[in-house]
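Written out below as structure tokens is the structure these notes cover.
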Amino acid sequence: MKLIVGLGNPGKKYENTRHNTGFQVMDEIAQELHVDITQKKFQALIGTTQVQGEKVICMKPQTFMNLSGEAVGAAVRFYQLSLNDLLVIYDDKDIEVGSIRLREKGSSGGQNGVKNIIAHLGSEQWNRIRVGIGKNPNIDMVDWVLGSFHKEEIPLHQQALSLAKDAAIYSITHPFMETMNRFNQRKK
């Protein structure tokens, strides 16, 4: 069994913000796998499907970003999942728009939702896909992450969403190290 979690904030107000990138990737995954992420459980919306015989739970926590660990921790404990079977997808200000990075472990990097997940799981050892939202030193970070993408960034962002979706789906049936080798982008 695999648990794939996209991080974001619930509600129309936040729908197209940079901070909802994880939700946007989950929407792409849901469309590709034909799964409805509408069941309310674990303070989250979830949907369940099968991929080549592997049960997959897709999750969008509804706790607001900074409390994402409440939903993720509850699901991991309920299903008695190994942390190797958890994949979390979220926005990262330290990665440029249009790029993604996959890692098997790591600190929060200042991302409060990730910090909360680490606290609830008691570990930094879980798979993640970080989707770049960039940063602007002239704009307050809260305003930046809760703002929308600029018109010229949208095609790059859409490309990253698609790549993150493909990586997440590939990881269901392949070891995460292989997924990282295939999808981590290198600067040329």
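Residues are referred to by chain and number: the chain letter is A, B, ... according to the order shown in the structure tokens, the number counts from 1 in that chain, and ligands are numbered separately from 1 in the order shown.
Around segment 162-165 of chain A, within 7 Å and counting only C-alpha atoms, the residues found are Val25, Glu28, Ile29, Ile100, Ile129, Gln158, Gln159, Ala168 and Ile169 of chain A, once anything fewer than 3 positions away on its own chain is removed.
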Practice item. Excluding Glu153 of chain A and any residue of its chain fewer than 4 positions from it, enumerate the residues within 12 Å of it, using only C-alpha atoms, and give them as a list in words. Key: Arg18, Glu96, Val97, Gly98, Ser99, Gly132, Ile133, Gly134, Ser148, Phe149, His157, Gln158, Gln159 and Ala160 of chain A
Take the residues from that selection and put them in a file with C-alpha atoms, as an mmCIF file, in the first residue's frame.
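Contents of again_39.cif, as written:
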```cif
data_model
loop_
_atom_site.group_PDB
_atom_site.id
_atom_site.type_symbol
_atom_site.label_atom_id
_atom_site.label_comp_id
_atom_site.auth_asym_id
_atom_site.auth_seq_id
_atom_site.Cartn_x
_atom_site.Cartn_y
_atom_site.Cartn_z
ATOM 1 C CA ARG A 18 1.967 28.881 -5.003
ATOM 2 C CA GLU A 96 13.021 27.620 -9.496
ATOM 3 C CA VAL A 97 9.596 27.543 -11.109
ATOM 4 C CA GLY A 98 9.375 24.680 -13.620
ATOM 5 C CA SER A 99 11.729 22.338 -11.752
ATOM 6 C CA GLY A 132 9.688 24.777 -7.391
ATOM 7 C CA ILE A 133 7.796 28.005 -6.759
ATOM 8 C CA GLY A 134 10.860 30.281 -6.729
ATOM 9 C CA SER A 148 -0.548 33.389 -7.660
ATOM 10 C CA PHE A 149 1.967 32.521 -10.337
ATOM 11 C CA HIS A 157 4.645 25.601 -13.493
ATOM 12 C CA GLN A 158 2.314 23.413 -15.554
ATOM 13 C CA GLN A 159 5.348 21.537 -16.883
ATOM 14 C CA ALA A 160 6.548 20.922 -13.301
#
```
Practice item. List every residue of segment 26-92 of chain A that DSSP, applied to the backbone, labels as helix (DSSP H, G or I), and write the result as a count of residues only. Key: 25
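Excluding Met1 of chain A and any residue on its chain fewer than 2 positions from it, the residues at most 8 Å away by only C-alpha atoms are Leu3, Glu54, Lys55, Val56, Ile57, Leu81 and Asp85 of chain A.
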For N, CA and C atoms, I'd like the residues from the last selection saved as a PDB file, in the first residue's frame.
```
ATOM      1  N   LEU A   3       0.846   5.628   0.184  1.00  0.00           N
ATOM      2  CA  LEU A   3       0.118   6.843   0.540  1.00  0.00           C
ATOM      3  C   LEU A   3       0.822   8.005  -0.152  1.00  0.00           C
ATOM      4  N   GLU A  54      -1.199  -2.671  -6.721  1.00  0.00           N
ATOM      5  CA  GLU A  54      -0.782  -1.942  -5.515  1.00  0.00           C
ATOM      6  C   GLU A  54      -1.890  -0.976  -5.112  1.00  0.00           C
ATOM      7  N   LYS A  55      -2.358  -1.098  -3.853  1.00  0.00           N
ATOM      8  CA  LYS A  55      -3.364  -0.162  -3.352  1.00  0.00           C
ATOM      9  C   LYS A  55      -2.699   1.189  -3.132  1.00  0.00           C
ATOM     10  N   VAL A  56      -3.350   2.254  -3.608  1.00  0.00           N
ATOM     11  CA  VAL A  56      -2.816   3.604  -3.498  1.00  0.00           C
ATOM     12  C   VAL A  56      -3.874   4.502  -2.872  1.00  0.00           C
ATOM     13  N   ILE A  57      -3.478   5.202  -1.810  1.00  0.00           N
ATOM     14  CA  ILE A  57      -4.346   6.187  -1.175  1.00  0.00           C
ATOM     15  C   ILE A  57      -3.801   7.566  -1.533  1.00  0.00           C
ATOM     16  N   LEU A  81       1.656   1.959   7.964  1.00  0.00           N
ATOM     17  CA  LEU A  81       2.539   2.058   6.805  1.00  0.00           C
ATOM     18  C   LEU A  81       3.996   2.221   7.210  1.00  0.00           C
ATOM     19  N   ASP A  85       6.689   3.829   2.238  1.00  0.00           N
ATOM     20  CA  ASP A  85       5.482   3.795   1.409  1.00  0.00           C
ATOM     21  C   ASP A  85       4.738   5.136   1.396  1.00  0.00           C
TER      22      ASP A  85
END
```
**Study point:** Nearby residues (only C-alpha atoms) at most 8 Å from segment 114-119 of chain A, same-chain spacing under 2 positions excluded, as JSON, numbers by chain
**Key:** {"A": [66, 67, 68, 69, 70, 72, 73, 107, 108, 110, 111, 112, 121, 122, 123, 124]}
**Study point:** Selection: 9 Å around Phe64 of chain A, only C-alpha atoms, excl. self and same-chain fewer than 4 positions, as a VMD selection string
**Key:** chain A and resid 7 to 10 68 113
Check your understanding: Which residues in segment 88-179 of chain A does DSSP call strand (DSSP E)? List them as a ChimeraX atom specification.
Key -> /A:88-92,100-103,127-132
Would you output that residue set with C-alpha atoms, as an mmCIF file, in the first residue's frame?
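Generated file (again_31.cif):
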```cif
data_model
loop_
_atom_site.group_PDB
_atom_site.id
_atom_site.type_symbol
_atom_site.label_atom_id
_atom_site.label_comp_id
_atom_site.auth_asym_id
_atom_site.auth_seq_id
_atom_site.Cartn_x
_atom_site.Cartn_y
_atom_site.Cartn_z
ATOM 1 C CA VAL A 88 4.652 13.818 0.080
ATOM 2 C CA ILE A 89 4.450 16.446 -2.681
ATOM 3 C CA TYR A 90 4.852 20.114 -1.828
ATOM 4 C CA ASP A 91 6.037 23.549 -2.968
ATOM 5 C CA ASP A 92 9.630 24.648 -2.417
ATOM 6 C CA ILE A 100 11.192 19.467 -9.338
ATOM 7 C CA ARG A 101 13.498 17.597 -6.953
ATOM 8 C CA LEU A 102 12.973 14.199 -5.409
ATOM 9 C CA ARG A 103 14.553 13.113 -2.117
ATOM 10 C CA ASN A 127 9.997 10.206 0.177
ATOM 11 C CA ARG A 128 9.180 13.618 -1.206
ATOM 12 C CA ILE A 129 8.741 15.523 -4.428
ATOM 13 C CA ARG A 130 9.542 19.210 -4.094
ATOM 14 C CA VAL A 131 8.033 21.422 -6.793
ATOM 15 C CA GLY A 132 9.688 24.777 -7.391
#
```
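Here the question is which of A:Lys12, A:Lys151, A:His19, A:Arg77 gets nearest to Phe42 of chain A using only C-alpha atoms, and that residue is A:Arg77.
Each of A:Lys93, A:Lys13, A:His174, A:Lys2 was checked against Gln50 of chain A using only C-alpha atoms; the smallest atom-to-atom distance is that of A:Lys2.
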Exercise for review: Considering only C-alpha atoms, return as a ChimeraX atom specification whatever protein or nucleic-acid residues lie within 12 Å of Lys40 of chain A, sequence-local ones (same chain, fewer than 3 positions apart) excluded.
Suggested key: /A:36-37,43-48,58-63,71,75
